[in-house]
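Printed here is target_18.cif (mmCIF, C-alpha atoms):
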```cif
data_my_file
#
loop_
_atom_site.group_PDB
_atom_site.id
_atom_site.type_symbol
_atom_site.label_atom_id
_atom_site.label_comp_id
_atom_site.auth_asym_id
_atom_site.auth_seq_id
_atom_site.Cartn_x
_atom_site.Cartn_y
_atom_site.Cartn_z
ATOM 1 C CA MET A 1 -96.060 -114.172 104.145
ATOM 2 C CA ARG A 2 -99.493 -112.844 103.247
ATOM 3 C CA ILE A 3 -101.783 -111.424 105.954
ATOM 4 C CA ILE A 4 -105.530 -111.902 105.384
ATOM 5 C CA ARG A 5 -107.917 -109.949 107.604
ATOM 6 C CA ASP A 6 -111.345 -110.573 106.038
ATOM 7 C CA TYR A 7 -112.633 -114.133 105.886
ATOM 8 C CA GLN A 8 -115.468 -113.106 103.565
ATOM 9 C CA PHE A 9 -113.190 -111.918 100.739
ATOM 10 C CA VAL A 10 -110.342 -114.363 100.205
ATOM 11 C CA ASP A 11 -108.273 -114.850 97.060
ATOM 12 C CA ALA A 12 -108.248 -118.321 95.568
ATOM 13 C CA ALA A 13 -104.515 -118.596 96.312
ATOM 14 C CA ASP A 14 -105.217 -118.172 100.032
ATOM 15 C CA ARG A 15 -107.784 -120.957 100.223
ATOM 16 C CA GLY A 16 -107.105 -124.639 100.802
ATOM 17 C CA ALA A 17 -104.488 -124.064 103.513
ATOM 18 C CA SER A 18 -103.576 -126.274 106.434
ATOM 19 C CA VAL A 19 -103.946 -123.978 109.412
ATOM 20 C CA ALA A 20 -103.098 -123.860 113.103
ATOM 21 C CA ILE A 21 -105.723 -121.916 115.072
ATOM 22 C CA GLY A 22 -105.105 -119.982 118.294
ATOM 23 C CA ASN A 23 -103.905 -116.693 119.733
ATOM 24 C CA PHE A 24 -100.185 -117.543 119.465
ATOM 25 C CA ASP A 25 -99.116 -114.934 122.012
ATOM 26 C CA GLY A 26 -95.390 -115.498 122.361
ATOM 27 C CA VAL A 27 -95.283 -118.189 119.651
ATOM 28 C CA HIS A 28 -93.960 -120.598 122.283
ATOM 29 C CA LEU A 29 -93.001 -124.262 121.908
ATOM 30 C CA GLY A 30 -96.606 -125.381 122.288
ATOM 31 C CA HIS A 31 -97.647 -123.064 119.476
ATOM 32 C CA GLN A 32 -94.750 -124.266 117.356
ATOM 33 C CA SER A 33 -95.793 -127.903 117.829
ATOM 34 C CA VAL A 34 -99.317 -127.050 116.631
ATOM 35 C CA ILE A 35 -97.849 -125.337 113.549
ATOM 36 C CA ASP A 36 -95.664 -128.382 112.889
ATOM 37 C CA LEU A 37 -98.738 -130.614 112.990
ATOM 38 C CA ALA A 38 -100.493 -128.336 110.492
ATOM 39 C CA ARG A 39 -97.452 -128.580 108.214
ATOM 40 C CA ALA A 40 -97.394 -132.389 108.477
ATOM 41 C CA ALA A 41 -101.154 -132.805 108.004
ATOM 42 C CA ALA A 42 -101.065 -131.471 104.433
ATOM 43 C CA PRO A 43 -97.466 -130.971 103.240
ATOM 44 C CA ASP A 44 -98.602 -129.885 99.778
ATOM 45 C CA ALA A 45 -100.993 -127.197 101.096
ATOM 46 C CA PRO A 46 -100.104 -123.622 102.060
ATOM 47 C CA LEU A 47 -99.145 -123.456 105.741
ATOM 48 C CA GLY A 48 -101.282 -120.998 107.651
ATOM 49 C CA VAL A 49 -102.083 -119.661 111.091
ATOM 50 C CA MET A 50 -105.439 -118.230 112.138
ATOM 51 C CA THR A 51 -105.380 -115.774 115.000
ATOM 52 C CA PHE A 52 -107.446 -112.840 116.209
ATOM 53 C CA GLU A 53 -106.862 -109.133 116.712
ATOM 54 C CA PRO A 54 -107.446 -107.732 119.231
ATOM 55 C CA HIS A 55 -106.810 -110.694 121.473
ATOM 56 C CA PRO A 56 -110.256 -111.949 122.633
ATOM 57 C CA ARG A 57 -109.167 -111.546 126.254
ATOM 58 C CA ALA A 58 -108.574 -107.836 125.649
ATOM 59 C CA TYR A 59 -111.886 -107.543 123.787
ATOM 60 C CA PHE A 60 -113.924 -108.906 126.688
ATOM 61 C CA ALA A 61 -111.917 -107.236 129.481
ATOM 62 C CA LEU A 62 -111.039 -103.739 128.341
ATOM 63 C CA ASP A 63 -109.737 -102.720 131.775
ATOM 64 C CA ALA A 64 -107.538 -105.780 132.265
ATOM 65 C CA PRO A 65 -103.840 -105.034 132.904
ATOM 66 C CA PRO A 66 -101.480 -105.521 129.953
ATOM 67 C CA PHE A 67 -100.867 -109.218 129.360
ATOM 68 C CA ARG A 68 -99.545 -109.669 125.838
ATOM 69 C CA LEU A 69 -96.085 -111.125 125.371
ATOM 70 C CA MET A 70 -95.639 -109.586 121.928
ATOM 71 C CA SER A 71 -97.207 -107.100 119.557
ATOM 72 C CA PRO A 72 -99.092 -108.267 116.441
ATOM 73 C CA ALA A 73 -96.152 -107.170 114.282
ATOM 74 C CA ALA A 74 -93.657 -109.150 116.372
ATOM 75 C CA ARG A 75 -95.937 -112.181 116.256
ATOM 76 C CA ALA A 76 -96.166 -111.959 112.467
ATOM 77 C CA THR A 77 -92.376 -111.742 112.186
ATOM 78 C CA ARG A 78 -91.919 -114.823 114.370
ATOM 79 C CA LEU A 79 -94.559 -116.806 112.444
ATOM 80 C CA GLU A 80 -92.944 -115.948 109.125
ATOM 81 C CA LYS A 81 -89.616 -117.264 110.442
ATOM 82 C CA LEU A 82 -91.380 -120.582 111.115
ATOM 83 C CA GLY A 83 -92.395 -120.886 107.469
ATOM 84 C CA VAL A 84 -96.005 -119.709 107.732
ATOM 85 C CA SER A 85 -97.141 -118.416 104.335
ATOM 86 C CA CYS A 86 -100.681 -117.268 105.214
ATOM 87 C CA LEU A 87 -101.562 -115.431 108.410
ATOM 88 C CA TYR A 88 -105.331 -115.137 108.843
ATOM 89 C CA GLU A 89 -105.376 -112.290 111.384
ATOM 90 C CA LEU A 90 -109.131 -111.939 111.792
ATOM 91 C CA PRO A 91 -110.594 -108.834 113.438
ATOM 92 C CA PHE A 92 -112.267 -109.929 116.672
ATOM 93 C CA THR A 93 -115.508 -107.974 116.466
ATOM 94 C CA ALA A 94 -118.953 -108.241 118.034
ATOM 95 C CA ASP A 95 -120.151 -110.065 114.919
ATOM 96 C CA LEU A 96 -117.376 -112.648 115.112
ATOM 97 C CA ALA A 97 -117.861 -113.083 118.864
ATOM 98 C CA ALA A 98 -121.576 -113.704 118.311
ATOM 99 C CA LEU A 99 -121.097 -116.659 115.955
ATOM 100 C CA THR A 100 -122.164 -120.000 117.377
ATOM 101 C CA PRO A 101 -119.586 -122.788 117.211
ATOM 102 C CA GLN A 102 -121.370 -124.274 114.201
ATOM 103 C CA GLU A 103 -121.540 -120.892 112.456
ATOM 104 C CA PHE A 104 -117.836 -120.329 113.068
ATOM 105 C CA ALA A 105 -116.991 -123.734 111.604
ATOM 106 C CA ARG A 106 -119.215 -123.210 108.567
ATOM 107 C CA ASN A 107 -118.976 -119.466 107.864
ATOM 108 C CA VAL A 108 -115.322 -118.878 108.726
ATOM 109 C CA VAL A 109 -113.416 -122.158 108.454
ATOM 110 C CA SER A 110 -115.276 -123.941 105.677
ATOM 111 C CA GLU A 111 -117.016 -121.430 103.407
ATOM 112 C CA GLY A 112 -115.118 -118.220 104.218
ATOM 113 C CA LEU A 113 -111.491 -119.371 104.187
ATOM 114 C CA GLY A 114 -112.007 -122.737 102.528
ATOM 115 C CA LEU A 115 -109.481 -124.398 104.816
ATOM 116 C CA ARG A 116 -108.346 -127.913 104.034
ATOM 117 C CA HIS A 117 -107.185 -128.873 107.495
ATOM 118 C CA VAL A 118 -107.057 -127.226 110.922
ATOM 119 C CA VAL A 119 -105.037 -128.015 114.032
ATOM 120 C CA VAL A 120 -106.040 -126.828 117.498
ATOM 121 C CA GLY A 121 -104.808 -127.453 121.022
ATOM 122 C CA ALA A 122 -106.671 -129.850 123.281
ATOM 123 C CA ASP A 123 -107.935 -126.898 125.356
ATOM 124 C CA PHE A 124 -109.240 -124.954 122.346
ATOM 125 C CA CYS A 125 -112.658 -123.312 122.768
ATOM 126 C CA PHE A 126 -114.494 -121.296 120.133
ATOM 127 C CA GLY A 127 -117.792 -119.698 119.229
ATOM 128 C CA ARG A 128 -120.212 -117.634 121.291
ATOM 129 C CA LYS A 129 -119.463 -117.892 125.031
ATOM 130 C CA ARG A 130 -116.615 -120.291 124.162
ATOM 131 C CA ALA A 131 -119.210 -123.008 123.860
ATOM 132 C CA GLY A 132 -117.390 -125.083 121.227
ATOM 133 C CA THR A 133 -114.657 -127.575 122.129
ATOM 134 C CA ALA A 134 -111.914 -129.222 120.119
ATOM 135 C CA ARG A 135 -114.078 -132.356 119.899
ATOM 136 C CA ASP A 136 -116.965 -130.276 118.499
ATOM 137 C CA LEU A 137 -114.643 -128.936 115.805
ATOM 138 C CA VAL A 138 -113.708 -132.499 114.836
ATOM 139 C CA ASN A 139 -117.398 -133.308 114.388
ATOM 140 C CA PHE A 140 -118.078 -130.148 112.382
ATOM 141 C CA GLY A 141 -115.094 -130.844 110.167
ATOM 142 C CA ALA A 142 -116.376 -134.325 109.358
ATOM 143 C CA LYS A 143 -119.677 -132.817 108.203
ATOM 144 C CA LEU A 144 -118.277 -129.761 106.393
ATOM 145 C CA GLY A 145 -115.331 -131.379 104.659
ATOM 146 C CA PHE A 146 -112.212 -130.176 106.459
ATOM 147 C CA GLY A 147 -109.810 -132.260 108.512
ATOM 148 C CA VAL A 148 -109.102 -131.564 112.183
ATOM 149 C CA THR A 149 -106.145 -132.552 114.343
ATOM 150 C CA VAL A 150 -106.265 -132.001 118.098
ATOM 151 C CA ALA A 151 -102.771 -131.372 119.469
ATOM 152 C CA PRO A 152 -101.928 -132.524 123.006
ATOM 153 C CA LEU A 153 -100.731 -129.896 125.446
ATOM 154 C CA LEU A 154 -96.955 -129.657 125.538
ATOM 155 C CA ALA A 155 -95.093 -129.906 128.845
ATOM 156 C CA HIS A 156 -91.706 -128.481 129.800
ATOM 157 C CA SER A 157 -90.244 -130.139 132.899
ATOM 158 C CA ALA A 158 -93.196 -130.478 135.271
ATOM 159 C CA ALA A 159 -95.225 -127.580 133.887
ATOM 160 C CA THR A 160 -97.427 -127.197 130.848
ATOM 161 C CA VAL A 161 -96.013 -124.782 128.306
ATOM 162 C CA SER A 162 -98.389 -121.832 128.134
ATOM 163 C CA SER A 163 -98.391 -118.072 127.731
ATOM 164 C CA THR A 164 -99.527 -117.852 131.374
ATOM 165 C CA ALA A 165 -96.515 -119.846 132.593
ATOM 166 C CA ILE A 166 -94.208 -117.663 130.494
ATOM 167 C CA ARG A 167 -95.708 -114.470 131.929
ATOM 168 C CA GLU A 168 -95.159 -115.887 135.410
ATOM 169 C CA ALA A 169 -91.509 -116.643 134.667
ATOM 170 C CA LEU A 170 -90.953 -113.120 133.346
ATOM 171 C CA SER A 171 -92.708 -111.557 136.343
ATOM 172 C CA GLU A 172 -90.432 -113.562 138.635
ATOM 173 C CA ALA A 173 -87.251 -112.397 136.851
ATOM 174 C CA ARG A 174 -86.621 -115.795 135.243
ATOM 175 C CA PRO A 175 -86.080 -114.893 131.552
ATOM 176 C CA ARG A 176 -84.093 -118.078 130.876
ATOM 177 C CA ASP A 177 -87.026 -120.210 132.071
ATOM 178 C CA ALA A 178 -89.318 -118.179 129.832
ATOM 179 C CA ALA A 179 -86.934 -118.724 126.914
ATOM 180 C CA ALA A 180 -86.928 -122.486 127.540
ATOM 181 C CA MET A 181 -90.714 -122.526 127.086
ATOM 182 C CA LEU A 182 -90.697 -120.076 124.195
ATOM 183 C CA GLY A 183 -87.956 -121.813 122.251
ATOM 184 C CA HIS A 184 -86.379 -118.370 121.777
ATOM 185 C CA TRP A 185 -85.454 -115.371 123.902
ATOM 186 C CA HIS A 186 -88.314 -113.172 125.057
ATOM 187 C CA ARG A 187 -88.017 -109.978 123.054
ATOM 188 C CA ILE A 188 -89.350 -106.441 123.282
ATOM 189 C CA GLU A 189 -89.746 -105.021 119.771
ATOM 190 C CA GLY A 190 -90.554 -101.547 118.555
ATOM 191 C CA PRO A 191 -89.124 -98.192 117.473
ATOM 192 C CA VAL A 192 -86.689 -96.156 119.528
ATOM 193 C CA ILE A 193 -88.535 -93.207 121.059
ATOM 194 C CA GLY A 194 -87.301 -89.886 122.370
ATOM 195 C CA GLY A 195 -86.199 -89.678 125.983
ATOM 196 C CA GLU A 196 -84.769 -87.112 128.366
ATOM 197 C CA GLN A 197 -81.180 -87.897 127.294
ATOM 198 C CA ARG A 198 -80.260 -88.347 130.931
ATOM 199 C CA GLY A 199 -78.207 -91.449 130.132
ATOM 200 C CA ARG A 200 -76.116 -89.548 127.611
ATOM 201 C CA LYS A 201 -75.076 -87.094 130.325
ATOM 202 C CA LEU A 202 -74.035 -90.022 132.538
ATOM 203 C CA GLY A 203 -71.935 -91.595 129.803
ATOM 204 C CA TYR A 204 -74.558 -94.248 129.085
ATOM 205 C CA PRO A 205 -76.732 -93.138 126.145
ATOM 206 C CA THR A 206 -79.743 -95.395 125.890
ATOM 207 C CA ALA A 207 -82.270 -96.393 123.237
ATOM 208 C CA ASN A 208 -85.697 -96.001 124.825
ATOM 209 C CA MET A 209 -88.646 -98.234 123.877
ATOM 210 C CA SER A 210 -92.248 -98.296 125.024
ATOM 211 C CA ILE A 211 -93.709 -101.438 126.606
ATOM 212 C CA ASP A 212 -97.259 -100.073 126.434
ATOM 213 C CA GLY A 213 -99.783 -102.889 126.034
ATOM 214 C CA LEU A 214 -97.267 -105.620 126.862
ATOM 215 C CA HIS A 215 -96.951 -107.749 129.968
ATOM 216 C CA PRO A 216 -94.201 -106.035 131.998
ATOM 217 C CA PRO A 217 -91.345 -108.349 132.985
ATOM 218 C CA ALA A 218 -89.805 -107.901 136.430
ATOM 219 C CA PHE A 219 -88.366 -104.418 136.736
ATOM 220 C CA GLY A 220 -84.633 -104.049 136.979
ATOM 221 C CA VAL A 221 -81.485 -104.421 134.921
ATOM 222 C CA TYR A 222 -80.935 -107.125 132.301
ATOM 223 C CA ALA A 223 -78.166 -108.443 130.099
ATOM 224 C CA VAL A 224 -79.655 -108.205 126.601
ATOM 225 C CA LEU A 225 -79.112 -109.070 122.975
ATOM 226 C CA VAL A 226 -80.000 -106.224 120.605
ATOM 227 C CA ASP A 227 -80.983 -106.531 116.955
ATOM 228 C CA VAL A 228 -81.171 -103.274 114.983
ATOM 229 C CA LEU A 229 -83.732 -104.269 112.368
ATOM 230 C CA GLU A 230 -83.326 -101.505 109.774
ATOM 231 C CA GLY A 231 -81.107 -98.656 108.670
ATOM 232 C CA PRO A 232 -77.370 -98.074 108.415
ATOM 233 C CA HIS A 233 -76.675 -99.702 111.800
ATOM 234 C CA GLN A 234 -78.618 -102.891 111.060
ATOM 235 C CA GLY A 235 -77.070 -105.836 112.858
ATOM 236 C CA SER A 236 -76.738 -107.663 116.170
ATOM 237 C CA TYR A 237 -75.180 -106.256 119.335
ATOM 238 C CA HIS A 238 -74.799 -106.913 123.058
ATOM 239 C CA GLY A 239 -76.047 -104.558 125.715
ATOM 240 C CA VAL A 240 -77.466 -103.885 129.145
ATOM 241 C CA ALA A 241 -80.997 -102.597 129.688
ATOM 242 C CA SER A 242 -83.133 -101.130 132.439
ATOM 243 C CA MET A 243 -86.784 -102.157 132.588
ATOM 244 C CA GLY A 244 -89.017 -100.049 134.779
ATOM 245 C CA VAL A 245 -89.913 -96.601 136.020
ATOM 246 C CA ARG A 246 -86.476 -95.202 137.022
ATOM 247 C CA PRO A 247 -87.383 -94.470 140.677
ATOM 248 C CA MET A 248 -84.336 -92.306 141.270
ATOM 249 C CA PHE A 249 -85.701 -89.753 138.801
ATOM 250 C CA GLY A 250 -89.383 -89.914 139.741
ATOM 251 C CA VAL A 251 -90.572 -91.314 136.402
ATOM 252 C CA ASN A 252 -93.834 -93.300 136.543
ATOM 253 C CA THR A 253 -94.333 -94.702 133.027
ATOM 254 C CA PRO A 254 -92.428 -97.976 132.604
ATOM 255 C CA ASN A 255 -90.284 -98.455 129.543
ATOM 256 C CA LEU A 256 -87.136 -100.216 128.381
ATOM 257 C CA GLU A 257 -83.859 -98.277 128.173
ATOM 258 C CA THR A 258 -81.006 -100.107 126.442
ATOM 259 C CA PHE A 259 -77.329 -99.204 126.403
ATOM 260 C CA VAL A 260 -75.776 -100.867 123.350
ATOM 261 C CA PHE A 261 -72.169 -101.862 123.875
ATOM 262 C CA ASP A 262 -69.506 -100.549 121.525
ATOM 263 C CA PHE A 263 -72.013 -98.568 119.466
ATOM 264 C CA SER A 264 -72.025 -95.047 118.152
ATOM 265 C CA GLY A 265 -74.875 -93.677 116.086
ATOM 266 C CA ASP A 266 -78.414 -92.337 116.022
ATOM 267 C CA LEU A 267 -81.199 -94.897 116.520
ATOM 268 C CA TYR A 268 -84.203 -92.581 116.962
ATOM 269 C CA GLY A 269 -87.193 -94.047 115.121
ATOM 270 C CA THR A 270 -85.294 -97.232 114.280
ATOM 271 C CA PRO A 271 -87.038 -100.535 115.088
ATOM 272 C CA LEU A 272 -85.147 -102.677 117.600
ATOM 273 C CA SER A 273 -85.616 -106.175 118.953
ATOM 274 C CA VAL A 274 -84.224 -106.512 122.484
ATOM 275 C CA ALA A 275 -83.926 -110.006 123.979
ATOM 276 C CA LEU A 276 -83.940 -110.370 127.764
ATOM 277 C CA VAL A 277 -81.196 -112.859 128.659
ATOM 278 C CA GLU A 278 -80.554 -112.529 132.385
ATOM 279 C CA HIS A 279 -81.912 -110.380 135.203
ATOM 280 C CA LEU A 280 -78.948 -108.772 136.968
ATOM 281 C CA ARG A 281 -80.677 -106.866 139.767
ATOM 282 C CA GLY A 282 -83.864 -105.091 140.714
ATOM 283 C CA GLU A 283 -84.570 -101.379 140.461
ATOM 284 C CA GLU A 284 -82.688 -99.306 143.007
ATOM 285 C CA THR A 285 -82.203 -95.726 144.097
ATOM 286 C CA PHE A 286 -78.740 -94.331 144.837
ATOM 287 C CA ASP A 287 -77.414 -91.613 147.105
ATOM 288 C CA SER A 288 -75.636 -89.829 144.253
ATOM 289 C CA LEU A 289 -75.108 -89.864 140.514
ATOM 290 C CA GLU A 290 -71.561 -91.066 141.146
ATOM 291 C CA ALA A 291 -72.913 -94.133 142.967
ATOM 292 C CA LEU A 292 -75.346 -94.756 140.113
ATOM 293 C CA ILE A 293 -72.549 -94.580 137.524
ATOM 294 C CA THR A 294 -70.418 -96.972 139.584
ATOM 295 C CA GLN A 295 -73.300 -99.459 139.624
ATOM 296 C CA MET A 296 -73.886 -99.017 135.886
ATOM 297 C CA ASP A 297 -70.215 -99.799 135.281
ATOM 298 C CA ALA A 298 -70.614 -102.993 137.317
ATOM 299 C CA ASP A 299 -73.840 -103.919 135.521
ATOM 300 C CA SER A 300 -72.191 -103.475 132.129
ATOM 301 C CA ALA A 301 -69.192 -105.595 133.099
ATOM 302 C CA LYS A 302 -71.442 -108.384 134.373
ATOM 303 C CA ALA A 303 -73.637 -108.256 131.283
ATOM 304 C CA ARG A 304 -70.607 -108.429 128.978
ATOM 305 C CA SER A 305 -69.376 -111.536 130.812
ATOM 306 C CA ILE A 306 -72.776 -113.272 130.632
ATOM 307 C CA LEU A 307 -73.323 -112.515 126.962
ATOM 308 C CA ALA A 308 -69.795 -113.517 125.969
ATOM 309 C CA ALA A 309 -70.564 -117.011 127.288
ATOM 310 C CA LEU A 310 -73.655 -117.551 125.116
#
```

Could you write out this structure as structure tokens?
Amino acid sequence: MRIIRDYQFVDAADRGASVAIGNFDGVHLGHQSVIDLARAAAPDAPLGVMTFEPHPRAYFALDAPPFRLMSPAARATRLEKLGVSCLYELPFTADLAALTPQEFARNVVSEGLGLRHVVVGADFCFGRKRAGTARDLVNFGAKLGFGVTVAPLLAHSAATVSSTAIREALSEARPRDAAAMLGHWHRIEGPVIGGEQRGRKLGYPTANMSIDGLHPPAFGVYAVLVDVLEGPHQGSYHGVASMGVRPMFGVNTPNLETFVFDFSGDLYGTPLSVALVEHLRGEETFDSLEALITQMDADSAKARSILAAL
């Protein structure tokens, strides 16, 4: 997959694509349906996705709490798995934000990227002050020579599939409900960072990962699936992980600490992908280290049983 970040300088091979437009945070089932429509609209054209970095919500609200479900790198990996060949990851700058809807359609979609067809959700808004609607884009496309498909919003059970609904499920310790809307497990991805090696002394060495910038799922202990993405230990494993601030030890910065079952080796600096499968319990403090270890033994046994049934 090629990643294009400047709509004003585009190779001929990256023009003429059929593209789904949106933020694609989480790459959930609704996003996947939009990508499928882009694929079907022009099967002989390159399949693309146009998104923005940073997320426009972060651009306009710098002090907003972390809300993203995945990093840009994790999003790109997921899109590539769906068969996307061109990712137009456009920098969301003051100049881009200032474009009127008509200027966006002409300068970016038509002349800049030379797109053949675009697909957007029914709630899509674009241009300065989000003044443009999906219907406006249809009208601009008719004048500028690109096709437009407006995708209906996708529902799961009684709720509309959305990044907001997925964040809510994760905040309420319902990772399986989040996965049902995502179409895949919710994953935390990134390199293993150095820790205090406290787990090693307890007999539970953990791989620590930052969740900085991401929406924090409910704190507590989870049964997890672990993919080691590179290096001599590359492969898939089961494990148990603690998400949170470790209140027993007075730590205030939340992160993810994963104990990988039946594993021996050094993972420092290695990129991992950790899927949250089931929330086992909330964060707790214990009267002694012995009580903590007893609970960790119970957590591991429960996680093994849950994961063995997948």

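Interatomic distance, atom CA of A:Ala38 to atom CA of A:Arg57: 24.6 Å.
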
Got a sec to resolve the PyMOL selection byres ((chain A and resi 217) around 8) on this structure and send the residues as a ChimeraX atom specification?
/A:167,170-173,215-216,218-219,243

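Minimum atom-to-atom distances from A:Ala180, A:Ala131, A:Leu69, A:Val138 to A:Ile211 were compared using only C-alpha atoms, and the lowest value belongs to A:Leu69.
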
List the residues selected by the PyMOL selection byres ((chain A and resi 119) around 8) in the file shown, writing them as a VMD selection string.
chain A and resid 18 to 21 34 to 35 37 to 38 117 to 118 120 to 121 148 to 151

Name every residue that the PyMOL selection byres ((chain A and resi 93) around 12) selects in this structure, writing the answer as a PyMOL selection string with chains first and numbers rising.
chain A and resi 5-6+52-56+58-60+90-92+94-99+128

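Restricting the calculation to only C-alpha atoms, the smallest distance between A:Trp185 and any of A:Lys129, A:Arg78, A:Arg2, A:Arg15 is found for A:Arg78.
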
One decimal place gives the atom CA of A:Ser242-atom CA of A:Gly26 separation as 21.4 Å

Which of A:Arg174, A:Gly16, A:Gly195, A:Gly147 sits closest to A:Glu111 [using only C-alpha atoms]
A:Gly16

Identify the residues around (-79.6, -107.7, 116.7) within a radius of 6 Å, measuring from all atoms listed in the file in the coordinates stated by the file, and give them as a VMD selection string.
chain A and resid 226 to 228 235 to 237

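Separating atom CA of A:Ala41 from atom CA of A:Asp11 is a distance of 22.2 Å.
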
Given the point (-95.2, -103.0, 114.1) in the coordinates of this file, which residues lie within 10 Å, counting all atoms listed in the file, and how would they look as a PyMOL selection string?
chain A and resi 71-77+189-191+271

Nearby residues (only C-alpha atoms) at most 12 Å from A:Leu144, same-chain spacing under 6 positions excluded, as a tab-separated table (two decimals) with C-alpha atoms, in the frame of the given file:
```
chain	number	residue	atom	x	y	z
A	102	GLN	CA	-121.37	-124.27	114.20
A	103	GLU	CA	-121.54	-120.89	112.46
A	104	PHE	CA	-117.84	-120.33	113.07
A	105	ALA	CA	-116.99	-123.73	111.60
A	106	ARG	CA	-119.22	-123.21	108.57
A	107	ASN	CA	-118.98	-119.47	107.86
A	108	VAL	CA	-115.32	-118.88	108.73
A	109	VAL	CA	-113.42	-122.16	108.45
A	110	SER	CA	-115.28	-123.94	105.68
A	111	GLU	CA	-117.02	-121.43	103.41
A	114	GLY	CA	-112.01	-122.74	102.53
A	115	LEU	CA	-109.48	-124.40	104.82
A	116	ARG	CA	-108.35	-127.91	104.03
A	117	HIS	CA	-107.18	-128.87	107.50
A	137	LEU	CA	-114.64	-128.94	115.80
A	138	VAL	CA	-113.71	-132.50	114.84
```

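Proximity ranking of A:Ala45, A:Leu182, A:Ile166, A:Leu62 relative to A:His31 places A:Leu182 first, based on all atoms listed in the file.
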
Need the shell around A:Asp297: protein/DNA/RNA residues with any atom at most 12 Å away, counting all atoms listed in the file. Skip same-chain ones fewer than 4 positions apart. Format as a PyMOL selection string?
chain A and resi 202-204+240+259+261+290-293+301-304

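Distance check against A:Ile188 using only C-alpha atoms: of A:Ala122, A:Ala142, A:Ala134, A:Leu225, the minimum falls on A:Leu225.
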
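Minimum atom-to-atom distances from A:Thr206, A:Asn255, A:Thr270, A:Ser305 to A:Pro232 were compared using all atoms listed in the file, and the lowest value belongs to A:Thr270.
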
Draw an axis-aligned box tight on the listed atoms of stretch 165-180 of chain A, then pad every side by 5 Å and write out centre and edge lengths in Å to one decimal as AutoDock Vina command-line options.
```
--center_x -90.3 --center_y -117.0 --center_z 132.8 --size_x 22.4 --size_y 20.9 --size_z 21.7
```

Would you mind completing stretch 120-133 of chain A so that it carries N, CA and C atoms, and writing it out as a CSV table (one decimal), in the coordinates of the input?
```csv
chain,number,residue,atom,x,y,z
A,120,VAL,N,-105.8,-127.6,116.3
A,120,VAL,CA,-106.0,-126.8,117.5
A,120,VAL,C,-105.5,-127.6,118.7
A,121,GLY,N,-105.2,-126.8,119.8
A,121,GLY,CA,-104.8,-127.5,121.0
A,121,GLY,C,-106.0,-128.2,121.7
A,122,ALA,N,-105.6,-129.1,122.6
A,122,ALA,CA,-106.7,-129.8,123.3
A,122,ALA,C,-107.6,-129.0,124.1
A,123,ASP,N,-107.1,-127.8,124.5
A,123,ASP,CA,-107.9,-126.9,125.4
A,123,ASP,C,-108.6,-125.8,124.5
A,124,PHE,N,-108.7,-126.0,123.2
A,124,PHE,CA,-109.2,-125.0,122.3
A,124,PHE,C,-110.7,-124.8,122.6
A,125,CYS,N,-111.2,-123.6,122.7
A,125,CYS,CA,-112.7,-123.3,122.8
A,125,CYS,C,-113.0,-122.2,121.7
A,126,PHE,N,-114.2,-122.2,121.2
A,126,PHE,CA,-114.5,-121.3,120.1
A,126,PHE,C,-116.0,-121.1,120.1
A,127,GLY,N,-116.4,-120.0,119.4
A,127,GLY,CA,-117.8,-119.7,119.2
A,127,GLY,C,-118.3,-118.9,120.4
A,128,ARG,N,-119.6,-118.5,120.3
A,128,ARG,CA,-120.2,-117.6,121.3
A,128,ARG,C,-120.1,-118.3,122.7
A,129,LYS,N,-119.6,-117.5,123.6
A,129,LYS,CA,-119.5,-117.9,125.0
A,129,LYS,C,-118.5,-119.1,125.1
A,130,ARG,N,-117.6,-119.2,124.2
A,130,ARG,CA,-116.6,-120.3,124.2
A,130,ARG,C,-117.3,-121.7,124.3
A,131,ALA,N,-118.4,-121.8,123.7
A,131,ALA,CA,-119.2,-123.0,123.9
A,131,ALA,C,-118.7,-124.2,123.1
A,132,GLY,N,-117.9,-124.0,122.0
A,132,GLY,CA,-117.4,-125.1,121.2
A,132,GLY,C,-116.1,-125.6,121.7
A,133,THR,N,-115.9,-126.9,121.7
A,133,THR,CA,-114.7,-127.6,122.1
A,133,THR,C,-113.9,-128.1,120.9
```
